[in-house]
Every structure is written in structure tokens, then in C-alpha cells.
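protein27.tsv (TSV, N, CA and C atoms and all ligand atoms) appears below.
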chain	number	residue	atom	x	y	z
A	1316	MET	N	20.46	17.58	0.70
A	1316	MET	CA	19.62	16.44	1.08
A	1316	MET	C	19.76	15.34	0.04
A	1317	GLY	N	20.06	14.11	0.48
A	1317	GLY	CA	20.24	13.00	-0.45
A	1317	GLY	C	18.93	12.34	-0.80
A	1318	PHE	N	18.96	11.53	-1.85
A	1318	PHE	CA	17.73	10.87	-2.28
A	1318	PHE	C	17.23	9.84	-1.27
A	1319	GLU	N	18.19	9.25	-0.50
A	1319	GLU	CA	17.76	8.24	0.47
A	1319	GLU	C	16.80	8.86	1.49
A	1320	LYS	N	17.04	10.12	1.80
A	1320	LYS	CA	16.17	10.80	2.76
A	1320	LYS	C	14.80	11.09	2.12
A	1321	PHE	N	14.87	11.48	0.84
A	1321	PHE	CA	13.65	11.78	0.10
A	1321	PHE	C	12.76	10.54	0.07
A	1322	GLY	N	13.40	9.37	-0.22
A	1322	GLY	CA	12.65	8.12	-0.30
A	1322	GLY	C	11.99	7.77	1.02
A	1323	ARG	N	12.74	7.97	2.09
A	1323	ARG	CA	12.22	7.64	3.42
A	1323	ARG	C	11.05	8.58	3.75
A	1324	PHE	N	11.23	9.83	3.39
A	1324	PHE	CA	10.20	10.82	3.63
A	1324	PHE	C	8.92	10.44	2.89
A	1325	GLY	N	9.11	9.99	1.63
A	1325	GLY	CA	7.97	9.59	0.82
A	1325	GLY	C	7.22	8.42	1.44
A	1326	TYR	N	7.95	7.50	2.00
A	1326	TYR	CA	7.34	6.34	2.62
A	1326	TYR	C	6.48	6.77	3.81
A	1327	VAL	N	7.02	7.66	4.62
A	1327	VAL	CA	6.29	8.15	5.79
A	1327	VAL	C	4.99	8.83	5.34
A	1328	SER	N	5.10	9.63	4.27
A	1328	SER	CA	3.93	10.33	3.76
A	1328	SER	C	2.84	9.33	3.39
A	1329	GLN	N	3.23	8.27	2.69
A	1329	GLN	CA	2.29	7.25	2.25
A	1329	GLN	C	1.53	6.64	3.42
A	1330	THR	N	2.26	6.22	4.45
A	1330	THR	CA	1.62	5.54	5.56
A	1330	THR	C	0.69	6.48	6.31
A	1331	LYS	N	0.98	7.77	6.28
A	1331	LYS	CA	0.11	8.71	6.97
A	1331	LYS	C	-1.17	8.99	6.19
A	1332	ILE	N	-1.13	8.77	4.87
A	1332	ILE	CA	-2.29	9.07	4.04
A	1332	ILE	C	-3.26	7.89	4.00
A	1333	ASN	N	-2.77	6.68	4.33
A	1333	ASN	CA	-3.62	5.49	4.28
A	1333	ASN	C	-4.95	5.61	5.01
A	1334	PRO	N	-5.05	6.36	6.11
A	1334	PRO	CA	-6.37	6.47	6.77
A	1334	PRO	C	-7.48	6.93	5.85
A	1335	LEU	N	-7.15	7.64	4.78
A	1335	LEU	CA	-8.20	8.09	3.86
A	1335	LEU	C	-9.03	6.90	3.38
A	1336	LEU	N	-8.36	5.80	3.08
A	1336	LEU	CA	-9.06	4.60	2.59
A	1336	LEU	C	-9.99	4.05	3.67
A	1337	SER	N	-9.54	4.06	4.93
A	1337	SER	CA	-10.39	3.57	6.02
A	1337	SER	C	-11.65	4.42	6.12
A	1338	TYR	N	-11.50	5.72	5.93
A	1338	TYR	CA	-12.68	6.59	5.97
A	1338	TYR	C	-13.61	6.29	4.80
A	1339	LEU	N	-13.03	6.12	3.61
A	1339	LEU	CA	-13.84	5.83	2.42
A	1339	LEU	C	-14.64	4.55	2.62
A	1340	GLU	N	-14.01	3.55	3.27
A	1340	GLU	CA	-14.69	2.28	3.52
A	1340	GLU	C	-15.90	2.48	4.43
A	1341	LYS	N	-15.84	3.50	5.28
A	1341	LYS	CA	-16.97	3.81	6.18
A	1341	LYS	C	-17.95	4.78	5.53
A	1342	GLY	N	-17.68	5.12	4.25
A	1342	GLY	CA	-18.57	6.04	3.55
A	1342	GLY	C	-18.31	7.49	3.90
A	1343	GLN	N	-17.14	7.75	4.49
A	1343	GLN	CA	-16.81	9.12	4.87
A	1343	GLN	C	-15.63	9.64	4.06
A	1344	ILE	N	-15.65	10.97	3.88
A	1344	ILE	CA	-14.53	11.60	3.19
A	1344	ILE	C	-13.82	12.48	4.20
A	1345	ALA	N	-12.53	12.27	4.33
A	1345	ALA	CA	-11.79	12.98	5.36
A	1345	ALA	C	-10.64	13.78	4.77
A	1346	ALA	N	-10.36	14.89	5.41
A	1346	ALA	CA	-9.26	15.75	5.01
A	1346	ALA	C	-8.26	15.77	6.15
A	1347	THR	N	-7.06	16.30	5.89
A	1347	THR	CA	-6.10	16.46	6.97
A	1347	THR	C	-6.02	17.93	7.34
A	1348	LYS	N	-5.80	18.16	8.63
A	1348	LYS	CA	-5.71	19.52	9.14
A	1348	LYS	C	-4.40	19.68	9.88
A	1349	CYS	N	-3.67	20.75	9.54
A	1349	CYS	CA	-2.39	21.01	10.21
A	1349	CYS	C	-2.67	21.43	11.65
A	1350	LYS	N	-2.00	20.75	12.59
A	1350	LYS	CA	-2.23	21.05	14.00
A	1350	LYS	C	-1.62	22.39	14.41
A	1351	LYS	N	-0.71	22.89	13.57
A	1351	LYS	CA	-0.03	24.13	13.93
A	1351	LYS	C	-0.81	25.36	13.43
A	1352	CYS	N	-1.15	25.37	12.11
A	1352	CYS	CA	-1.79	26.57	11.57
A	1352	CYS	C	-3.26	26.36	11.22
A	1353	GLY	N	-3.73	25.10	11.26
A	1353	GLY	CA	-5.14	24.85	11.02
A	1353	GLY	C	-5.54	24.73	9.56
A	1354	ARG	N	-4.57	24.85	8.63
A	1354	ARG	CA	-4.91	24.72	7.22
A	1354	ARG	C	-5.38	23.29	6.93
A	1355	THR	N	-6.44	23.19	6.16
A	1355	THR	CA	-7.02	21.89	5.85
A	1355	THR	C	-6.70	21.50	4.42
A	1356	TYR	N	-6.39	20.23	4.22
A	1356	TYR	CA	-6.01	19.74	2.90
A	1356	TYR	C	-6.90	18.61	2.42
A	1357	PHE	N	-7.38	18.74	1.19
A	1357	PHE	CA	-8.02	17.63	0.53
A	1357	PHE	C	-7.69	17.73	-0.94
A	1358	PRO	N	-7.12	16.70	-1.57
A	1358	PRO	CA	-6.71	15.43	-0.96
A	1358	PRO	C	-5.76	15.63	0.22
A	1359	PRO	N	-5.79	14.69	1.17
A	1359	PRO	CA	-5.00	14.81	2.40
A	1359	PRO	C	-3.50	14.90	2.13
A	1360	ARG	N	-2.81	15.61	2.99
A	1360	ARG	CA	-1.35	15.70	2.92
A	1360	ARG	C	-0.77	15.33	4.28
A	1361	ALA	N	0.41	14.70	4.24
A	1361	ALA	CA	1.03	14.29	5.49
A	1361	ALA	C	1.77	15.44	6.17
A	1362	ASP	N	1.99	16.52	5.42
A	1362	ASP	CA	2.68	17.66	6.01
A	1362	ASP	C	2.10	18.94	5.43
A	1363	CYS	N	2.30	20.03	6.13
A	1363	CYS	CA	1.69	21.29	5.74
A	1363	CYS	C	2.59	22.05	4.76
A	1364	LEU	N	1.99	22.55	3.68
A	1364	LEU	CA	2.76	23.30	2.67
A	1364	LEU	C	3.22	24.65	3.22
A	1365	ASP	N	2.47	25.20	4.16
A	1365	ASP	CA	2.77	26.53	4.68
A	1365	ASP	C	3.95	26.54	5.63
A	1366	ASP	N	3.93	25.60	6.59
A	1366	ASP	CA	4.96	25.65	7.62
A	1366	ASP	C	5.75	24.36	7.78
A	1367	ARG	N	5.54	23.40	6.83
A	1367	ARG	CA	6.28	22.12	6.85
A	1367	ARG	C	6.01	21.32	8.12
A	1368	HIS	N	4.99	21.69	8.85
A	1368	HIS	CA	4.65	20.99	10.08
A	1368	HIS	C	4.06	19.63	9.69
A	1369	SER	N	4.46	18.56	10.40
A	1369	SER	CA	3.93	17.25	10.03
A	1369	SER	C	2.97	16.70	11.08
A	1370	GLY	N	2.54	17.56	12.01
A	1370	GLY	CA	1.52	17.12	12.96
A	1370	GLY	C	0.16	17.37	12.33
A	1371	ILE	N	-0.53	16.29	11.99
A	1371	ILE	CA	-1.83	16.46	11.32
A	1371	ILE	C	-2.92	15.74	12.09
A	1372	GLU	N	-4.15	16.20	11.90
A	1372	GLU	CA	-5.29	15.46	12.43
A	1372	GLU	C	-6.28	15.28	11.29
A	1373	TRP	N	-7.12	14.26	11.40
A	1373	TRP	CA	-8.09	13.96	10.35
A	1373	TRP	C	-9.43	14.57	10.70
A	1374	VAL	N	-10.04	15.23	9.73
A	1374	VAL	CA	-11.37	15.79	9.95
A	1374	VAL	C	-12.30	15.25	8.86
A	1375	VAL	N	-13.49	14.81	9.27
A	1375	VAL	CA	-14.47	14.28	8.31
A	1375	VAL	C	-15.22	15.46	7.69
A	1376	LEU	N	-15.29	15.45	6.37
A	1376	LEU	CA	-15.98	16.53	5.65
A	1376	LEU	C	-17.45	16.19	5.50
A	1377	ASP	N	-18.32	17.21	5.56
A	1377	ASP	CA	-19.75	16.91	5.38
A	1377	ASP	C	-20.09	16.75	3.89
A	1378	GLY	N	-19.18	17.13	3.02
A	1378	GLY	CA	-19.38	16.89	1.58
A	1378	GLY	C	-20.21	17.94	0.87
A	1379	LYS	N	-20.90	18.80	1.63
A	1379	LYS	CA	-21.73	19.84	1.00
A	1379	LYS	C	-20.82	20.81	0.25
A	1380	SER	N	-21.17	21.05	-1.00
A	1380	SER	CA	-20.32	21.93	-1.78
A	1380	SER	C	-21.11	22.66	-2.85
A	1381	ASN	N	-20.52	23.70	-3.37
A	1381	ASN	CA	-21.08	24.45	-4.48
A	1381	ASN	C	-20.11	24.40	-5.64
A	1382	LEU	N	-20.65	24.10	-6.80
A	1382	LEU	CA	-19.82	24.02	-7.99
A	1382	LEU	C	-19.22	25.38	-8.33
A	1383	VAL	N	-17.92	25.39	-8.59
A	1383	VAL	CA	-17.26	26.63	-9.02
A	1383	VAL	C	-17.19	26.63	-10.55
A	1384	THR	N	-16.70	25.52	-11.09
A	1384	THR	CA	-16.63	25.37	-12.54
A	1384	THR	C	-16.45	23.89	-12.87
A	1385	PHE	N	-16.62	23.54	-14.12
A	1385	PHE	CA	-16.39	22.15	-14.50
A	1385	PHE	C	-15.94	22.07	-15.94
A	1386	THR	N	-15.40	20.95	-16.30
A	1386	THR	CA	-14.92	20.74	-17.65
A	1386	THR	C	-15.18	19.31	-18.06
A	1387	LYS	N	-15.21	19.07	-19.36
A	1387	LYS	CA	-15.41	17.70	-19.84
A	1387	LYS	C	-14.05	17.11	-20.19
A	1388	VAL	N	-13.82	15.91	-19.67
A	1388	VAL	CA	-12.54	15.25	-19.89
A	1388	VAL	C	-12.68	14.18	-20.97
A	1389	PHE	N	-11.87	14.32	-22.02
A	1389	PHE	CA	-11.91	13.33	-23.11
A	1389	PHE	C	-10.71	12.39	-23.06
A	1390	PHE	N	-9.61	12.88	-22.52
A	1390	PHE	CA	-8.40	12.07	-22.43
A	1390	PHE	C	-7.97	11.99	-20.97
A	1391	ALA	N	-7.86	10.78	-20.44
A	1391	ALA	CA	-7.55	10.59	-19.04
A	1391	ALA	C	-6.41	9.61	-18.87
A	1392	PRO	N	-5.84	9.51	-17.66
A	1392	PRO	CA	-4.83	8.48	-17.42
A	1392	PRO	C	-5.45	7.11	-17.73
A	1393	PRO	N	-4.62	6.11	-18.11
A	1393	PRO	CA	-5.14	4.80	-18.54
A	1393	PRO	C	-6.25	4.24	-17.65
A	1394	ALA	N	-6.12	4.36	-16.33
A	1394	ALA	CA	-7.10	3.77	-15.41
A	1394	ALA	C	-8.48	4.39	-15.58
A	1395	PHE	N	-8.54	5.64	-16.04
A	1395	PHE	CA	-9.82	6.33	-16.16
A	1395	PHE	C	-10.30	6.46	-17.60
A	1396	GLN	N	-9.44	6.04	-18.55
A	1396	GLN	CA	-9.79	6.21	-19.96
A	1396	GLN	C	-11.13	5.55	-20.33
A	1397	PRO	N	-11.45	4.34	-19.79
A	1397	PRO	CA	-12.74	3.73	-20.16
A	1397	PRO	C	-13.95	4.59	-19.76
A	1398	GLU	N	-13.79	5.46	-18.78
A	1398	GLU	CA	-14.92	6.28	-18.31
A	1398	GLU	C	-15.12	7.54	-19.15
A	1399	THR	N	-14.18	7.85	-20.04
A	1399	THR	CA	-14.29	9.10	-20.78
A	1399	THR	C	-15.40	9.02	-21.81
A	1400	PRO	N	-16.06	10.12	-22.21
A	1400	PRO	CA	-15.85	11.42	-21.57
A	1400	PRO	C	-16.59	11.51	-20.23
A	1401	TYR	N	-16.00	12.21	-19.27
A	1401	TYR	CA	-16.69	12.45	-18.00
A	1401	TYR	C	-16.45	13.90	-17.60
A	1402	LEU	N	-17.23	14.33	-16.64
A	1402	LEU	CA	-17.11	15.72	-16.20
A	1402	LEU	C	-16.23	15.79	-14.97
A	1403	LEU	N	-15.35	16.78	-14.95
A	1403	LEU	CA	-14.49	17.01	-13.80
A	1403	LEU	C	-14.88	18.37	-13.23
A	1404	GLY	N	-15.23	18.37	-11.96
A	1404	GLY	CA	-15.69	19.61	-11.34
A	1404	GLY	C	-14.70	20.17	-10.34
A	1405	LEU	N	-14.77	21.49	-10.19
A	1405	LEU	CA	-14.06	22.16	-9.10
A	1405	LEU	C	-15.17	22.68	-8.19
A	1406	ALA	N	-15.19	22.22	-6.95
A	1406	ALA	CA	-16.26	22.62	-6.04
A	1406	ALA	C	-15.69	23.21	-4.77
A	1407	GLU	N	-16.44	24.13	-4.18
A	1407	GLU	CA	-16.00	24.72	-2.92
A	1407	GLU	C	-16.83	24.11	-1.80
A	1408	LEU	N	-16.14	23.48	-0.84
A	1408	LEU	CA	-16.81	22.85	0.29
A	1408	LEU	C	-17.27	23.90	1.29
A	1409	SER	N	-18.16	23.47	2.21
A	1409	SER	CA	-18.70	24.42	3.19
A	1409	SER	C	-17.61	25.04	4.07
A	1410	ASN	N	-16.46	24.37	4.18
A	1410	ASN	CA	-15.37	24.95	4.98
A	1410	ASN	C	-14.43	25.83	4.14
A	1411	GLY	N	-14.81	26.07	2.88
A	1411	GLY	CA	-14.01	26.96	2.04
A	1411	GLY	C	-12.96	26.27	1.20
A	1412	LEU	N	-12.75	24.98	1.47
A	1412	LEU	CA	-11.75	24.22	0.74
A	1412	LEU	C	-12.25	23.93	-0.68
A	1413	ARG	N	-11.36	24.06	-1.66
A	1413	ARG	CA	-11.75	23.75	-3.04
A	1413	ARG	C	-11.19	22.39	-3.44
A	1414	VAL	N	-12.03	21.56	-4.03
A	1414	VAL	CA	-11.60	20.23	-4.44
A	1414	VAL	C	-11.93	19.96	-5.90
A	1415	PHE	N	-11.03	19.23	-6.55
A	1415	PHE	CA	-11.28	18.72	-7.89
A	1415	PHE	C	-11.82	17.31	-7.74
A	1416	ALA	N	-12.91	16.99	-8.40
A	1416	ALA	CA	-13.44	15.63	-8.35
A	1416	ALA	C	-14.29	15.39	-9.58
A	1417	PRO	N	-14.35	14.12	-10.02
A	1417	PRO	CA	-15.24	13.81	-11.13
A	1417	PRO	C	-16.69	14.03	-10.70
A	1418	ILE	N	-17.54	14.32	-11.66
A	1418	ILE	CA	-18.96	14.51	-11.38
A	1418	ILE	C	-19.69	13.24	-11.79
A	1419	SER	N	-20.56	12.74	-10.92
A	1419	SER	CA	-21.31	11.52	-11.17
A	1419	SER	C	-22.06	11.60	-12.50
A	1420	ALA	N	-22.09	10.46	-13.21
A	1420	ALA	CA	-22.79	10.42	-14.50
A	1420	ALA	C	-24.30	10.62	-14.32
A	1421	SER	N	-24.79	10.49	-13.08
A	1421	SER	CA	-26.23	10.67	-12.83
A	1421	SER	C	-26.62	12.15	-12.83
A	1422	VAL	N	-25.62	13.02	-12.81
A	1422	VAL	CA	-25.90	14.46	-12.82
A	1422	VAL	C	-26.04	14.93	-14.27
A	1423	ASP	N	-27.13	15.64	-14.54
A	1423	ASP	CA	-27.38	16.16	-15.88
A	1423	ASP	C	-26.49	17.37	-16.15
A	1424	GLU	N	-25.65	17.23	-17.16
A	1424	GLU	CA	-24.70	18.30	-17.49
A	1424	GLU	C	-25.41	19.64	-17.70
A	1425	LYS	N	-26.62	19.58	-18.28
A	1425	LYS	CA	-27.35	20.82	-18.59
A	1425	LYS	C	-27.77	21.58	-17.34
A	1426	GLN	N	-27.84	20.88	-16.21
A	1426	GLN	CA	-28.27	21.54	-14.97
A	1426	GLN	C	-27.10	22.13	-14.19
A	1427	LEU	N	-25.91	21.89	-14.67
A	1427	LEU	CA	-24.73	22.38	-13.95
A	1427	LEU	C	-24.41	23.82	-14.30
A	1428	LYS	N	-24.23	24.61	-13.27
A	1428	LYS	CA	-23.76	25.98	-13.46
A	1428	LYS	C	-23.04	26.39	-12.18
A	1429	PRO	N	-22.25	27.45	-12.24
A	1429	PRO	CA	-21.56	27.88	-11.02
A	1429	PRO	C	-22.57	28.09	-9.89
A	1430	GLY	N	-22.27	27.52	-8.72
A	1430	GLY	CA	-23.16	27.67	-7.58
A	1430	GLY	C	-24.08	26.48	-7.36
A	1431	THR	N	-24.18	25.58	-8.36
A	1431	THR	CA	-25.01	24.39	-8.20
A	1431	THR	C	-24.56	23.61	-6.96
A	1432	GLU	N	-25.55	23.22	-6.13
A	1432	GLU	CA	-25.21	22.45	-4.93
A	1432	GLU	C	-24.94	21.00	-5.28
A	1433	LEU	N	-23.78	20.51	-4.85
A	1433	LEU	CA	-23.41	19.13	-5.08
A	1433	LEU	C	-22.85	18.56	-3.78
A	1434	ASN	N	-22.89	17.23	-3.69
A	1434	ASN	CA	-22.31	16.59	-2.52
A	1434	ASN	C	-21.10	15.76	-2.92
A	1435	LEU	N	-20.01	15.94	-2.17
A	1435	LEU	CA	-18.83	15.11	-2.38
A	1435	LEU	C	-19.10	13.80	-1.65
A	1436	LYS	N	-19.16	12.71	-2.43
A	1436	LYS	CA	-19.55	11.43	-1.84
A	1436	LYS	C	-18.60	10.31	-2.22
A	1437	VAL	N	-18.64	9.26	-1.42
A	1437	VAL	CA	-17.83	8.08	-1.71
A	1437	VAL	C	-18.55	7.27	-2.79
A	1438	ALA	N	-17.80	6.81	-3.77
A	1438	ALA	CA	-18.37	6.00	-4.83
A	1438	ALA	C	-17.55	4.73	-5.00
A	1439	LYS	N	-18.19	3.69	-5.51
A	1439	LYS	CA	-17.48	2.42	-5.71
A	1439	LYS	C	-17.35	2.15	-7.20
A	1440	GLY	N	-16.14	1.85	-7.62
A	1440	GLY	CA	-15.88	1.60	-9.04
A	1440	GLY	C	-16.22	0.17	-9.43
A	1441	ALA	N	-16.04	-0.12	-10.71
A	1441	ALA	CA	-16.39	-1.42	-11.27
A	1441	ALA	C	-15.62	-2.58	-10.61
A	1442	ARG	N	-14.40	-2.30	-10.16
A	1442	ARG	CA	-13.59	-3.35	-9.55
A	1442	ARG	C	-13.57	-3.19	-8.02
A	1443	ASP	N	-14.69	-2.69	-7.48
A	1443	ASP	CA	-14.83	-2.47	-6.04
A	1443	ASP	C	-13.83	-1.46	-5.48
A	1444	ASN	N	-13.21	-0.71	-6.39
A	1444	ASN	CA	-12.28	0.31	-5.93
A	1444	ASN	C	-13.08	1.50	-5.43
A	1445	LEU	N	-12.61	2.11	-4.39
A	1445	LEU	CA	-13.31	3.25	-3.81
A	1445	LEU	C	-12.71	4.56	-4.28
A	1446	PHE	N	-13.56	5.49	-4.59
A	1446	PHE	CA	-13.10	6.82	-4.93
A	1446	PHE	C	-14.17	7.81	-4.48
A	1447	TYR	N	-14.04	9.05	-4.86
A	1447	TYR	CA	-15.06	10.03	-4.49
A	1447	TYR	C	-15.45	10.83	-5.72
A	1448	TRP	N	-16.69	11.31	-5.70
A	1448	TRP	CA	-17.16	12.14	-6.81
A	1448	TRP	C	-18.19	13.12	-6.30
A	1449	LEU	N	-18.60	14.01	-7.19
A	1449	LEU	CA	-19.61	15.00	-6.86
A	1449	LEU	C	-20.92	14.54	-7.45
A	1450	GLU	N	-21.99	14.59	-6.65
A	1450	GLU	CA	-23.30	14.22	-7.22
A	1450	GLU	C	-24.40	15.08	-6.63
B	1	ZN	ZN	0.43	24.46	8.87
For the file at hand, write its structure as C-alpha cells.
Amino acid sequence: MGFEKFGRFGYVSQTKINPLLSYLEKGQIAATKCKKCGRTYFPPRADCLDDRHSGIEWVVLDGKSNLVTFTKVFFAPPAFQPETPYLLGLAELSNGLRVFAPISASVDEKQLKPGTELNLKVAKGARDNLFYWLE
């Protein structure tokens, strides 16, 4: 397989993932679900890791989750460095999917323990950028 094909494939993947932003704008968090095997992905994927199937559908997540574990981040990629230190959580959603997401600064670190109920929600950054976090 040549790189030209890889590049084209990457482009297709990008355009298929763009709907995530439309959902975020509506205050919803959406995952992709493989139409063939039903595996759900968040962050969304344009194709399935299990069977390489690229038929996907979008499903809106209710955001209800339980904390599995969390860690404090002191060093982050440049875009997130001003927010450090912040908490990064691994949470299990009601559909069994596990997601990594930052934890809202409004959450008291002392109250966090495995099993703590958190909601995966849409948040707006300082430059009106949309992202998601646990709160
Ligand atoms: Zn699949």
C-alpha cells in the first residue's frame, strides 16, 4: 500500500469524524457504532478496529459514568499546558465504554474515588473552543 492511499484514507476519516463537533455544538456527546459488529467508539472512529468495517452510525451518549481511576497531569501538550495541573479521569459509561477525559476544576479532588458518579459533558474553553470533560 502506497502513502498516497494512506493520505486519502486519512482524509476520509477526518470528514467522517466532523459530526462530533456538530453534536458538541448542540451540547451532546456522540460516539460511533460499527454497523457490522456493534462495537462503539469514543472518541469516534471512522472505521472499526475489529473488522475494518467503515459503515458507522452515530449514537448520542447519556454521559452518565462512574470513575474508574484518575491522575493529576502536570505536563500537557502546549494547547493544554496553561490549564495544568488538572485531573485526567478514566470513566466507564453506562454502556460499558471507557473514556479518558479531563475532570472539571469544579470537582473536589478529595471527593474522587473509584465508582464516583460523574457526567461526561460538553464544555467551552476560553477561546470558545468546545471540548468535553467529566463533572
Ligand atoms: Zn465492527
May I have a table of the residues of chain A lying at most 8 Å from ligand ZN 1 (chain B), giving each one's closest pair of atoms and their distance in Å to one decimal, counting all atoms listed in the file, ordered by chain and ascending residue number, as a tab-separated table?
residue	atom	partner	partner_atom	distance
A:Lys1348	C	B:ZN1	ZN	6.9
A:Cys1349	CA	B:ZN1	ZN	4.7
A:Lys1350	N	B:ZN1	ZN	5.8
A:Lys1351	C	B:ZN1	ZN	4.8
A:Cys1352	N	B:ZN1	ZN	3.7
A:Gly1353	N	B:ZN1	ZN	4.8
A:Arg1354	N	B:ZN1	ZN	5.0
A:Thr1355	N	B:ZN1	ZN	7.5
A:Asp1362	C	B:ZN1	ZN	6.7
A:Cys1363	CA	B:ZN1	ZN	4.6
A:Leu1364	N	B:ZN1	ZN	5.7
A:Asp1365	N	B:ZN1	ZN	5.2
A:Asp1366	N	B:ZN1	ZN	4.3
A:Arg1367	N	B:ZN1	ZN	5.6
A:His1368	N	B:ZN1	ZN	5.3
A:Ser1369	N	B:ZN1	ZN	7.3
A:Gly1370	N	B:ZN1	ZN	7.9
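Atom N of Leu1445 in chain A sits 17.9 Å away from CA of Thr1399 in chain A.
Residues lying within 8 Å of Gln1343 in chain A, counting only C-alpha atoms and ignoring same-chain neighbours fewer than 2 positions away, are Tyr1338, Leu1339, Glu1340, Lys1341, Ala1345, Val1375, Leu1376, Lys1436 and Val1437 of chain A.
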Show me as a ChimeraX atom specification the residues that reach within 6.5 Å of (-15.6, 20.2, 3.1), counting only N, CA and C atoms and using the file's own coordinates. /A:1376-1379,1407-1412
Could you tell me which of A:Pro1358, A:Gly1430, A:Pro1392, A:Pro1400 comes closest to Arg1413 in chain A if we count all atoms listed in the file? A:Pro1358
Between atom C of Ala1420 in chain A and CA of Glu1450 in chain A, what is the distance, to one decimal in Å?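 Computed distance, atom C of Ala1420 in chain A to CA of Glu1450 in chain A, equals 8.0 Å.
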One number please: atom N of Leu1335 in chain A to atom N of Pro1359 in chain A, in Å, one decimal.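 Interatomic distance here is 8.0 Å.
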Please report, as a ChimeraX atom specification, each residue of range 1316-1410 of chain A to which DSSP assigns strand (DSSP E or B) when run on this structure's backbone. /A:1344-1349,1355-1356,1371-1376,1379-1388,1401-1408
Those residues you just picked out, can you put them in a file as a tab-separated table (two decimals), keeping the file's coordinate frame with N, CA and C atoms?
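The result, stored in again.tsv:
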chain	number	residue	atom	x	y	z
A	1344	ILE	N	-15.65	10.97	3.88
A	1344	ILE	CA	-14.53	11.60	3.19
A	1344	ILE	C	-13.82	12.48	4.20
A	1345	ALA	N	-12.53	12.27	4.33
A	1345	ALA	CA	-11.79	12.98	5.36
A	1345	ALA	C	-10.64	13.78	4.77
A	1346	ALA	N	-10.36	14.89	5.41
A	1346	ALA	CA	-9.26	15.75	5.01
A	1346	ALA	C	-8.26	15.77	6.15
A	1347	THR	N	-7.06	16.30	5.89
A	1347	THR	CA	-6.10	16.46	6.97
A	1347	THR	C	-6.02	17.93	7.34
A	1348	LYS	N	-5.80	18.16	8.63
A	1348	LYS	CA	-5.71	19.52	9.14
A	1348	LYS	C	-4.40	19.68	9.88
A	1349	CYS	N	-3.67	20.75	9.54
A	1349	CYS	CA	-2.39	21.01	10.21
A	1349	CYS	C	-2.67	21.43	11.65
A	1355	THR	N	-6.44	23.19	6.16
A	1355	THR	CA	-7.02	21.89	5.85
A	1355	THR	C	-6.70	21.50	4.42
A	1356	TYR	N	-6.39	20.23	4.22
A	1356	TYR	CA	-6.01	19.74	2.90
A	1356	TYR	C	-6.90	18.61	2.42
A	1371	ILE	N	-0.53	16.29	11.99
A	1371	ILE	CA	-1.83	16.46	11.32
A	1371	ILE	C	-2.92	15.74	12.09
A	1372	GLU	N	-4.15	16.20	11.90
A	1372	GLU	CA	-5.29	15.46	12.43
A	1372	GLU	C	-6.28	15.28	11.29
A	1373	TRP	N	-7.12	14.26	11.40
A	1373	TRP	CA	-8.09	13.96	10.35
A	1373	TRP	C	-9.43	14.57	10.70
A	1374	VAL	N	-10.04	15.23	9.73
A	1374	VAL	CA	-11.37	15.79	9.95
A	1374	VAL	C	-12.30	15.25	8.86
A	1375	VAL	N	-13.49	14.81	9.27
A	1375	VAL	CA	-14.47	14.28	8.31
A	1375	VAL	C	-15.22	15.46	7.69
A	1376	LEU	N	-15.29	15.45	6.37
A	1376	LEU	CA	-15.98	16.53	5.65
A	1376	LEU	C	-17.45	16.19	5.50
A	1379	LYS	N	-20.90	18.80	1.63
A	1379	LYS	CA	-21.73	19.84	1.00
A	1379	LYS	C	-20.82	20.81	0.25
A	1380	SER	N	-21.17	21.05	-1.00
A	1380	SER	CA	-20.32	21.93	-1.78
A	1380	SER	C	-21.11	22.66	-2.85
A	1381	ASN	N	-20.52	23.70	-3.37
A	1381	ASN	CA	-21.08	24.45	-4.48
A	1381	ASN	C	-20.11	24.40	-5.64
A	1382	LEU	N	-20.65	24.10	-6.80
A	1382	LEU	CA	-19.82	24.02	-7.99
A	1382	LEU	C	-19.22	25.38	-8.33
A	1383	VAL	N	-17.92	25.39	-8.59
A	1383	VAL	CA	-17.26	26.63	-9.02
A	1383	VAL	C	-17.19	26.63	-10.55
A	1384	THR	N	-16.70	25.52	-11.09
A	1384	THR	CA	-16.63	25.37	-12.54
A	1384	THR	C	-16.45	23.89	-12.87
A	1385	PHE	N	-16.62	23.54	-14.12
A	1385	PHE	CA	-16.39	22.15	-14.50
A	1385	PHE	C	-15.94	22.07	-15.94
A	1386	THR	N	-15.40	20.95	-16.30
A	1386	THR	CA	-14.92	20.74	-17.65
A	1386	THR	C	-15.18	19.31	-18.06
A	1387	LYS	N	-15.21	19.07	-19.36
A	1387	LYS	CA	-15.41	17.70	-19.84
A	1387	LYS	C	-14.05	17.11	-20.19
A	1388	VAL	N	-13.82	15.91	-19.67
A	1388	VAL	CA	-12.54	15.25	-19.89
A	1388	VAL	C	-12.68	14.18	-20.97
A	1401	TYR	N	-16.00	12.21	-19.27
A	1401	TYR	CA	-16.69	12.45	-18.00
A	1401	TYR	C	-16.45	13.90	-17.60
A	1402	LEU	N	-17.23	14.33	-16.64
A	1402	LEU	CA	-17.11	15.72	-16.20
A	1402	LEU	C	-16.23	15.79	-14.97
A	1403	LEU	N	-15.35	16.78	-14.95
A	1403	LEU	CA	-14.49	17.01	-13.80
A	1403	LEU	C	-14.88	18.37	-13.23
A	1404	GLY	N	-15.23	18.37	-11.96
A	1404	GLY	CA	-15.69	19.61	-11.34
A	1404	GLY	C	-14.70	20.17	-10.34
A	1405	LEU	N	-14.77	21.49	-10.19
A	1405	LEU	CA	-14.06	22.16	-9.10
A	1405	LEU	C	-15.17	22.68	-8.19
A	1406	ALA	N	-15.19	22.22	-6.95
A	1406	ALA	CA	-16.26	22.62	-6.04
A	1406	ALA	C	-15.69	23.21	-4.77
A	1407	GLU	N	-16.44	24.13	-4.18
A	1407	GLU	CA	-16.00	24.72	-2.92
A	1407	GLU	C	-16.83	24.11	-1.80
A	1408	LEU	N	-16.14	23.48	-0.84
A	1408	LEU	CA	-16.81	22.85	0.29
A	1408	LEU	C	-17.27	23.90	1.29
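If you measure from each of A:Leu1449, A:Ala1441, A:Gln1426, A:Phe1390 to Gly1404 in chain A using only N, CA and C atoms, the closest one turns out to be A:Leu1449.
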Set up a box along x, y and z of the file covering all listed atoms of range 1408-1421 of chain A, add 3 Å on every one of the six sides, and write the centre and edge lengths in Å to one decimal, as JSON.
{"center_x": -18.8, "center_y": 18.7, "center_z": -4.8, "size_x": 21.6, "size_y": 22.5, "size_z": 25.5}
Which residue out of A:Ala1406, A:Ala1394, A:Val1388, A:Ile1371 has the minimum interatomic distance to Pro1429 in chain A when only C-alpha atoms are used?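 Between A:Ala1406, A:Ala1394, A:Val1388, A:Ile1371, the residue approaching Pro1429 in chain A most closely is A:Ala1406.
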Residue contacts of Ile1418 in chain A (8 Å, all atoms listed in the file) excluding same-chain residues fewer than 2 positions away, as a PyMOL selection string: chain A and resi 1401-1405+1415-1416+1420-1422+1447-1450
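When DSSP is run on the backbone, the residues of range 1322-1418 of chain A that fall into alpha helix (DSSP H) are Gly1322, Arg1323, Phe1324, Gly1325, Tyr1326, Val1327, Ser1328, Gln1329, Thr1330, Lys1331, Ile1332, Pro1334, Leu1335, Leu1336, Ser1337, Tyr1338, Leu1339 and Glu1340 of chain A.
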